[in-house]
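K.L.:
Next comes the structure file structure.cif, holding mmCIF, C-alpha atoms.
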data_run
#
loop_
_atom_site.label_atom_id
_atom_site.label_comp_id
_atom_site.auth_asym_id
_atom_site.auth_seq_id
_atom_site.Cartn_x
_atom_site.Cartn_y
_atom_site.Cartn_z
CA GLU D 1 -66.31 35.93 -37.46
CA ASP D 2 -63.08 37.89 -37.22
CA LYS D 3 -60.00 35.83 -38.01
CA VAL D 4 -56.25 36.32 -37.84
CA VAL D 5 -53.76 33.91 -39.41
CA GLN D 6 -50.03 34.12 -38.87
CA SER D 7 -47.24 32.46 -40.79
CA PRO D 8 -44.96 30.77 -40.38
CA LEU D 9 -45.97 29.16 -37.10
CA SER D 10 -42.35 28.47 -36.28
CA LEU D 11 -39.07 29.86 -37.57
CA VAL D 12 -35.47 29.08 -36.66
CA VAL D 13 -32.65 31.28 -37.94
CA HIS D 14 -29.09 32.22 -37.09
CA GLU D 15 -28.10 35.36 -35.27
CA GLY D 16 -27.66 38.21 -37.73
CA ASP D 17 -30.28 36.99 -40.17
CA THR D 18 -33.28 39.09 -41.19
CA VAL D 19 -36.75 37.64 -40.69
CA THR D 20 -40.20 38.55 -41.95
CA LEU D 21 -43.29 37.46 -40.08
CA ASN D 22 -46.68 37.51 -41.75
CA CYS D 23 -50.17 38.26 -40.50
CA SER D 24 -53.33 38.13 -42.59
CA TYR D 25 -56.75 38.97 -41.29
CA GLU D 26 -60.46 39.05 -41.97
CA VAL D 27 -62.34 41.51 -39.82
CA THR D 28 -65.54 43.46 -40.04
CA ASN D 29 -64.93 47.21 -39.81
CA PHE D 30 -61.19 47.14 -39.25
CA ARG D 31 -59.82 49.63 -36.75
CA SER D 32 -56.25 48.57 -35.99
CA LEU D 33 -53.70 45.78 -36.15
CA LEU D 34 -51.26 45.25 -33.33
CA TRP D 35 -48.04 43.30 -32.93
CA TYR D 36 -46.89 41.91 -29.60
CA LYS D 37 -43.82 40.04 -28.43
CA GLN D 38 -44.36 37.30 -25.84
CA GLU D 39 -41.50 35.73 -23.99
CA LYS D 40 -42.26 33.70 -20.90
CA LYS D 41 -44.96 35.91 -19.53
CA ALA D 42 -47.55 38.31 -20.90
CA PRO D 43 -47.28 40.00 -24.30
CA THR D 44 -45.43 43.28 -24.64
CA PHE D 45 -46.64 45.83 -27.15
CA LEU D 46 -44.59 46.45 -30.28
CA PHE D 47 -46.66 48.32 -32.86
CA MET D 48 -50.16 49.50 -33.62
CA LEU D 49 -51.00 50.03 -37.29
CA THR D 50 -54.06 51.76 -38.59
CA SER D 51 -53.11 53.15 -42.00
CA SER D 52 -51.86 51.37 -45.10
CA GLY D 53 -48.35 51.89 -46.39
CA ILE D 54 -46.94 53.74 -43.41
CA GLU D 55 -44.00 51.88 -41.92
CA LYS D 56 -43.59 51.90 -38.20
CA LYS D 57 -40.06 51.42 -36.94
CA SER D 58 -38.46 50.77 -33.61
CA GLY D 59 -34.77 49.95 -33.71
CA ARG D 60 -34.30 46.75 -35.69
CA LEU D 61 -38.03 46.07 -35.84
CA SER D 62 -40.39 47.50 -38.40
CA SER D 63 -43.91 46.79 -39.52
CA ILE D 64 -46.26 47.80 -42.28
CA LEU D 65 -49.91 47.29 -43.05
CA ASP D 66 -51.71 46.67 -46.35
CA LYS D 67 -55.42 47.25 -45.84
CA LYS D 68 -56.25 46.40 -49.43
CA GLU D 69 -54.67 42.94 -49.28
CA LEU D 70 -55.53 42.54 -45.57
CA PHE D 71 -52.12 41.70 -44.22
CA SER D 72 -49.22 43.02 -42.24
CA ILE D 73 -45.57 42.06 -41.94
CA LEU D 74 -43.16 42.40 -39.08
CA ASN D 75 -39.48 42.62 -40.04
CA ILE D 76 -36.59 42.07 -37.72
CA THR D 77 -33.12 42.84 -39.07
CA ALA D 78 -29.77 41.73 -37.65
CA THR D 79 -31.54 39.33 -35.30
CA GLN D 80 -30.15 38.64 -31.83
CA THR D 81 -30.77 35.76 -29.45
CA GLY D 82 -32.86 38.10 -27.34
CA ASP D 83 -35.35 38.34 -30.20
CA SER D 84 -36.34 34.72 -29.57
CA ALA D 85 -40.00 34.83 -28.57
CA VAL D 86 -43.51 34.25 -29.80
CA TYR D 87 -44.72 37.16 -31.93
CA LEU D 88 -48.46 37.72 -31.82
CA CYS D 89 -50.59 39.66 -34.25
CA ALA D 90 -54.02 40.92 -33.22
CA VAL D 91 -56.77 42.91 -34.86
CA GLU D 92 -59.45 45.13 -33.48
CA SER D 93 -62.67 46.13 -35.18
CA GLN D 94 -64.58 49.40 -34.91
CA GLY D 95 -67.01 49.33 -32.06
CA ALA D 96 -65.70 46.11 -30.57
CA GLN D 97 -63.31 46.64 -27.72
CA LYS D 98 -61.71 43.25 -27.95
CA LEU D 99 -58.61 41.99 -29.73
CA VAL D 100 -58.62 38.84 -31.84
CA PHE D 101 -55.22 37.17 -31.80
CA GLY D 102 -53.50 34.99 -34.34
CA GLN D 103 -51.80 31.74 -33.41
CA GLY D 104 -48.43 33.40 -33.09
CA THR D 105 -45.05 32.77 -34.73
CA ARG D 106 -42.46 31.10 -32.53
CA LEU D 107 -39.12 32.63 -33.52
CA THR D 108 -35.88 31.04 -32.38
CA ILE D 109 -32.57 32.75 -32.98
CA ASN D 110 -29.56 30.48 -32.70
CA PRO D 111 -26.14 31.94 -31.89
CA GLY H 1 -46.41 54.21 -16.88
CA ALA H 2 -49.33 51.91 -17.69
CA VAL H 3 -48.43 48.99 -15.46
CA VAL H 4 -50.82 46.13 -14.86
CA SER H 5 -50.20 43.62 -12.09
CA GLN H 6 -51.72 40.23 -11.44
CA HIS H 7 -51.85 38.23 -8.26
CA PRO H 8 -50.98 35.49 -7.69
CA SER H 9 -48.42 34.80 -10.39
CA ARG H 10 -48.75 31.07 -9.84
CA VAL H 11 -51.32 28.98 -7.99
CA ILE H 12 -51.86 25.29 -7.46
CA CYS H 13 -55.21 24.15 -6.16
CA LYS H 14 -57.14 20.95 -5.69
CA SER H 15 -59.96 19.90 -7.94
CA GLY H 16 -63.31 21.26 -6.76
CA THR H 17 -61.93 24.34 -5.03
CA SER H 18 -62.26 27.95 -6.19
CA VAL H 19 -59.43 30.29 -7.07
CA LYS H 20 -59.49 34.08 -7.31
CA ILE H 21 -57.08 35.99 -9.54
CA GLU H 22 -56.68 39.75 -9.20
CA CYS H 23 -55.79 42.19 -11.95
CA ARG H 24 -54.81 45.73 -11.01
CA SER H 25 -53.92 48.78 -13.04
CA LEU H 26 -51.27 50.48 -10.95
CA ASP H 27 -50.90 53.93 -12.43
CA PHE H 28 -53.98 54.52 -14.55
CA GLN H 29 -57.71 54.05 -14.45
CA ALA H 30 -58.88 51.08 -16.44
CA THR H 31 -62.41 51.54 -17.66
CA THR H 32 -62.23 48.21 -19.46
CA MET H 33 -60.39 45.05 -18.53
CA PHE H 34 -60.07 41.84 -20.50
CA TRP H 35 -59.44 38.30 -19.37
CA TYR H 36 -57.62 35.85 -21.63
CA ARG H 37 -56.67 32.22 -21.34
CA GLN H 38 -53.66 30.71 -23.03
CA PHE H 39 -53.01 26.99 -23.28
CA PRO H 40 -49.44 25.76 -23.92
CA LYS H 41 -48.15 26.71 -27.36
CA GLN H 42 -51.45 28.31 -28.27
CA SER H 43 -52.50 31.90 -28.68
CA LEU H 44 -54.49 34.09 -26.33
CA MET H 45 -58.19 33.38 -26.30
CA LEU H 46 -60.43 36.12 -24.99
CA MET H 47 -62.72 34.90 -22.23
CA ALA H 48 -64.58 38.05 -21.28
CA THR H 49 -64.63 41.82 -21.39
CA SER H 50 -65.29 43.65 -18.18
CA ASN H 51 -66.38 47.26 -17.83
CA GLU H 52 -66.23 48.96 -14.47
CA GLY H 53 -69.55 48.89 -12.68
CA SER H 54 -71.34 46.62 -15.11
CA LYS H 55 -71.63 42.91 -15.85
CA ALA H 56 -68.91 41.26 -17.87
CA THR H 57 -69.51 40.23 -21.47
CA TYR H 58 -68.45 36.62 -22.00
CA GLU H 59 -67.24 35.11 -25.25
CA GLN H 60 -69.11 32.23 -26.77
CA GLY H 61 -68.32 28.97 -25.04
CA VAL H 62 -67.12 30.53 -21.79
CA GLU H 63 -69.30 29.60 -18.82
CA LYS H 64 -70.12 32.73 -16.88
CA ASP H 65 -71.14 30.77 -13.78
CA LYS H 66 -67.79 29.03 -13.74
CA PHE H 67 -65.60 32.05 -14.45
CA LEU H 68 -66.93 34.85 -12.28
CA ILE H 69 -65.66 38.30 -13.14
CA ASN H 70 -66.01 41.35 -10.96
CA HIS H 71 -64.81 44.83 -11.97
CA ALA H 72 -65.77 46.80 -8.90
CA SER H 73 -63.37 49.70 -9.29
CA LEU H 74 -61.40 51.48 -11.99
CA THR H 75 -58.20 49.77 -10.90
CA LEU H 76 -59.27 46.24 -9.99
CA SER H 77 -60.90 43.31 -11.73
CA THR H 78 -61.05 39.79 -10.35
CA LEU H 79 -61.56 36.42 -12.04
CA THR H 80 -62.77 33.57 -9.86
CA VAL H 81 -62.52 30.07 -11.24
CA THR H 82 -65.19 28.14 -9.37
CA SER H 83 -65.10 24.40 -8.78
CA ALA H 84 -61.84 24.15 -10.67
CA HIS H 85 -61.00 21.01 -12.63
CA PRO H 86 -57.69 19.88 -14.15
CA GLU H 87 -58.84 21.02 -17.59
CA ASP H 88 -58.99 24.58 -16.21
CA SER H 89 -55.22 24.50 -15.77
CA SER H 90 -53.92 27.26 -17.98
CA PHE H 91 -52.17 30.63 -18.13
CA TYR H 92 -54.66 33.40 -17.38
CA ILE H 93 -53.77 36.91 -18.52
CA CYS H 94 -55.61 40.14 -17.96
CA SER H 95 -55.25 43.37 -19.85
CA ALA H 96 -56.51 46.86 -19.23
CA ARG H 97 -57.44 49.75 -21.41
CA SER H 98 -57.29 53.27 -20.07
CA THR H 99 -59.01 56.52 -20.67
CA ILE H 100 -56.55 59.37 -20.95
CA LEU H 101 -57.76 62.94 -20.83
CA GLY H 102 -61.27 61.70 -21.45
CA LYS H 103 -60.32 59.99 -24.71
CA PRO H 104 -60.29 56.23 -25.13
CA HIS H 105 -56.80 54.87 -25.36
CA TYR H 106 -56.65 52.05 -27.82
CA GLU H 107 -53.66 50.25 -26.47
CA GLN H 108 -54.20 47.36 -24.09
CA TYR H 109 -51.67 46.86 -21.33
CA PHE H 110 -51.16 43.26 -20.28
CA GLY H 111 -50.55 41.88 -16.84
CA PRO H 112 -47.78 39.31 -16.26
CA GLY H 113 -50.23 36.42 -16.13
CA THR H 114 -51.23 33.79 -13.60
CA ARG H 115 -50.38 30.16 -14.09
CA LEU H 116 -53.13 27.99 -12.62
CA THR H 117 -52.55 24.29 -12.02
CA VAL H 118 -55.47 22.21 -10.79
CA THR H 119 -54.52 18.82 -9.34
#
The structure in this file should be written as structure tokens.
P.N.:
Amino acid sequence: EDKVVQSPLSLVVHEGDTVTLNCSYEVTNFRSLLWYKQEKKAPTFLFMLTSSGIEKKSGRLSSILDKKELFSILNITATQTGDSAVYLCAVESQGAQKLVFGQGTRLTINP
Amino acid sequence: GAVVSQHPSRVICKSGTSVKIECRSLDFQATTMFWYRQFPKQSLMLMATSNEGSKATYEQGVEKDKFLINHASLTLSTLTVTSAHPEDSSFYICSARSTILGKPHYEQYFGPGTRLTVT
């Protein structure tokens, strides 16, 4: 059974700090790994990763995938209070249309 | 582009009644739609995958007779919670996957969710 584990489950930091969120997975016939940000409503898409070692970047957020060690990290630099959210990691396998989500990391940025 | 809407955003119903939730893709054709349930402080759990014009595929442990899914068109899927009970109270989220220029688009676009409270 496909499985996604995120760590930490909860993280509280001060504005300006840099954070690293972790996602490890076990999936049959890996196709992609996705990161989402969820505030009060539905998740919003951040990144989709399919290849190892290629960093994806969007402003202060970046992510990278290691298909050998079966994990991904999401980095947020110079955090702001607006980054407070639950960050979800999901994986998709070849042939299966569905996403399997991790438990999420609840990130709180204090001013 | 790629907007998905859900209606209603919030619903309160009495135990034993049925509730229908709509999921619409507003600016693209969604060949596949997904229904998720999310309990407080927990992650999204996939309930079923719905392909236009065919029966939904339910995940293990999800009662298909209780959670009726209809995907009658390329822009609309509905989830009906039948004979709702308080334990069905949850946040229900749909997502849609499009086909662009005949190629499958891997990204799922999520709706804003529907918060169901059964009293």
K.L.:
Please return, as a list in words, all residues of chain H lying within 6 Å of chain D when all atoms listed in the file are considered.
P.N.:
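Filtering chain H at 6 Å from chain D with all atoms listed in the file gives Ser43, Pro112 and Gly113 of chain H.
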K.L.:
Using all atoms listed in the file - which residues lie no farther than 7 Å from the point (-48.3, 53.1, -13.8) in the file's frame? Write them as a list in words.
P.N.:
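Looking at atoms near the point gives Gly1, Ala2, Val3, Leu26, Asp27 and Phe28 of chain H.
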K.L.:
Measuring between all atoms listed in the file, which one of H:Ser25, H:Gln108, H:Ser98, H:Ser89 shows the shortest distance to Arg10 of chain H?
P.N.:
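Of the candidates, the smallest distance to Arg10 of chain H is held by H:Ser89.
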K.L.:
Pull out every residue that the PyMOL selection byres ((chain H and resi 109) around 6) matches in the shown coordinates and put them as a list of chain:residue names.
P.N.:
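Expected selection for the PyMOL selection byres ((chain H and resi 109) around 6) here is H:Ser95, H:Ala96, H:Gln108, H:Phe110.
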K.L.:
Would you kindly return, as an MDAnalysis selection string, each protein, DNA or RNA residue with an atom no farther than 12 Å from any atom of Gln94 of chain D, considering all atoms listed in the file and excluding same-chain residues fewer than 5 positions away?
P.N.:
(chainID D and resid 2 27:33 50 99) or (chainID H and resid 106)
K.L.:
Since I can't run it myself right now, could you work out what the PyMOL selection byres ((chain D and resi 56-60) around 9) selects here and report it as a PyMOL selection string?
P.N.:
chain D and resi 46-49+54-55+61-64+75-79
K.L.:
Could you tell me how far atom CA of Arg24 of chain H lies from atom CA of Thr49 of chain H, in Å and to one decimal?
P.N.:
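Value for the atom CA of Arg24 of chain H-atom CA of Thr49 of chain H distance: 14.8 Å.
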K.L.:
Just say which residues the PyMOL selection byres ((chain H and resi 74-76) around 12) picks in this file, as a ChimeraX atom specification.
P.N.:
/H:2-7,21-34,50-54,69-73,77-79,94-99,111
K.L.:
Go ahead and dump the residues you just picked, C-alpha atoms, as a PDB file, in the coordinates of the input.
P.N.:
ATOM      1  CA  ALA H   2     -49.330  51.910 -17.690  1.00  0.00           C
ATOM      2  CA  VAL H   3     -48.430  48.990 -15.460  1.00  0.00           C
ATOM      3  CA  VAL H   4     -50.820  46.130 -14.860  1.00  0.00           C
ATOM      4  CA  SER H   5     -50.200  43.620 -12.090  1.00  0.00           C
ATOM      5  CA  GLN H   6     -51.720  40.230 -11.440  1.00  0.00           C
ATOM      6  CA  HIS H   7     -51.850  38.230  -8.260  1.00  0.00           C
ATOM      7  CA  ILE H  21     -57.080  35.990  -9.540  1.00  0.00           C
ATOM      8  CA  GLU H  22     -56.680  39.750  -9.200  1.00  0.00           C
ATOM      9  CA  CYS H  23     -55.790  42.190 -11.950  1.00  0.00           C
ATOM     10  CA  ARG H  24     -54.810  45.730 -11.010  1.00  0.00           C
ATOM     11  CA  SER H  25     -53.920  48.780 -13.040  1.00  0.00           C
ATOM     12  CA  LEU H  26     -51.270  50.480 -10.950  1.00  0.00           C
ATOM     13  CA  ASP H  27     -50.900  53.930 -12.430  1.00  0.00           C
ATOM     14  CA  PHE H  28     -53.980  54.520 -14.550  1.00  0.00           C
ATOM     15  CA  GLN H  29     -57.710  54.050 -14.450  1.00  0.00           C
ATOM     16  CA  ALA H  30     -58.880  51.080 -16.440  1.00  0.00           C
ATOM     17  CA  THR H  31     -62.410  51.540 -17.660  1.00  0.00           C
ATOM     18  CA  THR H  32     -62.230  48.210 -19.460  1.00  0.00           C
ATOM     19  CA  MET H  33     -60.390  45.050 -18.530  1.00  0.00           C
ATOM     20  CA  PHE H  34     -60.070  41.840 -20.500  1.00  0.00           C
ATOM     21  CA  SER H  50     -65.290  43.650 -18.180  1.00  0.00           C
ATOM     22  CA  ASN H  51     -66.380  47.260 -17.830  1.00  0.00           C
ATOM     23  CA  GLU H  52     -66.230  48.960 -14.470  1.00  0.00           C
ATOM     24  CA  GLY H  53     -69.550  48.890 -12.680  1.00  0.00           C
ATOM     25  CA  SER H  54     -71.340  46.620 -15.110  1.00  0.00           C
ATOM     26  CA  ILE H  69     -65.660  38.300 -13.140  1.00  0.00           C
ATOM     27  CA  ASN H  70     -66.010  41.350 -10.960  1.00  0.00           C
ATOM     28  CA  HIS H  71     -64.810  44.830 -11.970  1.00  0.00           C
ATOM     29  CA  ALA H  72     -65.770  46.800  -8.900  1.00  0.00           C
ATOM     30  CA  SER H  73     -63.370  49.700  -9.290  1.00  0.00           C
ATOM     31  CA  SER H  77     -60.900  43.310 -11.730  1.00  0.00           C
ATOM     32  CA  THR H  78     -61.050  39.790 -10.350  1.00  0.00           C
ATOM     33  CA  LEU H  79     -61.560  36.420 -12.040  1.00  0.00           C
ATOM     34  CA  CYS H  94     -55.610  40.140 -17.960  1.00  0.00           C
ATOM     35  CA  SER H  95     -55.250  43.370 -19.850  1.00  0.00           C
ATOM     36  CA  ALA H  96     -56.510  46.860 -19.230  1.00  0.00           C
ATOM     37  CA  ARG H  97     -57.440  49.750 -21.410  1.00  0.00           C
ATOM     38  CA  SER H  98     -57.290  53.270 -20.070  1.00  0.00           C
ATOM     39  CA  THR H  99     -59.010  56.520 -20.670  1.00  0.00           C
ATOM     40  CA  GLY H 111     -50.550  41.880 -16.840  1.00  0.00           C
TER      41      GLY H 111
END
K.L.:
Neighbours of Gly82 of chain D within 10 Å (all atoms listed in the file; same-chain residues fewer than 3 positions away dropped), as a list in words?
P.N.:
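Result of the neighbour search: Glu15, Glu39, Thr79, Ala85, Thr108, Ile109 and Asn110 of chain D.
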K.L.:
Only C-alpha atoms, please: the residues just picked out, written as a tab-separated table (two decimals), in the coordinates of the input.
P.N.:
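Now in result.tsv:
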chain	number	residue	atom	x	y	z
D	15	GLU	CA	-28.10	35.36	-35.27
D	39	GLU	CA	-41.50	35.73	-23.99
D	79	THR	CA	-31.54	39.33	-35.30
D	85	ALA	CA	-40.00	34.83	-28.57
D	108	THR	CA	-35.88	31.04	-32.38
D	109	ILE	CA	-32.57	32.75	-32.98
D	110	ASN	CA	-29.56	30.48	-32.70
K.L.:
Mind checking which residues fall within 10 Å of Val11 of chain H, counting only C-alpha atoms, ignoring those fewer than 6 positions away in the same chain, and posting them as a compact mmCIF listing (two decimals) with C-alpha atoms, in the frame of the given file?
P.N.:
# COMPACT_ATOMS: atom_id res chain seq x y z
CA VAL H 19 -59.43 30.29 -7.07
CA LYS H 20 -59.49 34.08 -7.31
CA ILE H 21 -57.08 35.99 -9.54
CA SER H 89 -55.22 24.50 -15.77
CA THR H 114 -51.23 33.79 -13.60
CA ARG H 115 -50.38 30.16 -14.09
CA LEU H 116 -53.13 27.99 -12.62
CA THR H 117 -52.55 24.29 -12.02
CA VAL H 118 -55.47 22.21 -10.79
K.L.:
Rounded to one decimal in Å, what is the spacing between atom CA of Glu59 of chain H and atom CA of Leu46 of chain H?
P.N.:
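Answer for the atom CA of Glu59 of chain H to atom CA of Leu46 of chain H separation: 6.9 Å.
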K.L.:
What gap, in Å, lies between atom CA of Val19 of chain D and atom CA of Val91 of chain D?
P.N.:
21.5 Å
K.L.:
I need every residue sitting at most 7 Å from the point (-50.7, 42.8, -40.4) (coordinates as in the file, only C-alpha atoms considered), written as a VMD selection string.
P.N.:
chain D and resid 22 to 24 33 64 to 65 71 to 73 89
K.L.:
Which residues, written as a PyMOL selection string, have at least one atom at most 9 Å from Pro111 of chain D, with all atoms listed in the file counted and residues fewer than 2 positions away on the same chain left out?
P.N.:
chain D and resi 13-16+80-81+109
K.L.:
Determine the nearest neighbour of Lys3 of chain D from the options D:Ser84, D:Ser93, D:Ser52, D:Leu21, counting all atoms listed in the file.
P.N.:
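When distances to Lys3 of chain D are compared using all atoms listed in the file, the smallest one comes from D:Ser93.
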K.L.:
Taking only C-alpha atoms into account, name the residue in H:Ile93, H:Glu63, H:Asp88, H:Tyr36 that is nearest to Ile12 of chain H.
P.N.:
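Checking each candidate against Ile12 of chain H, we get H:Asp88 as the closest.
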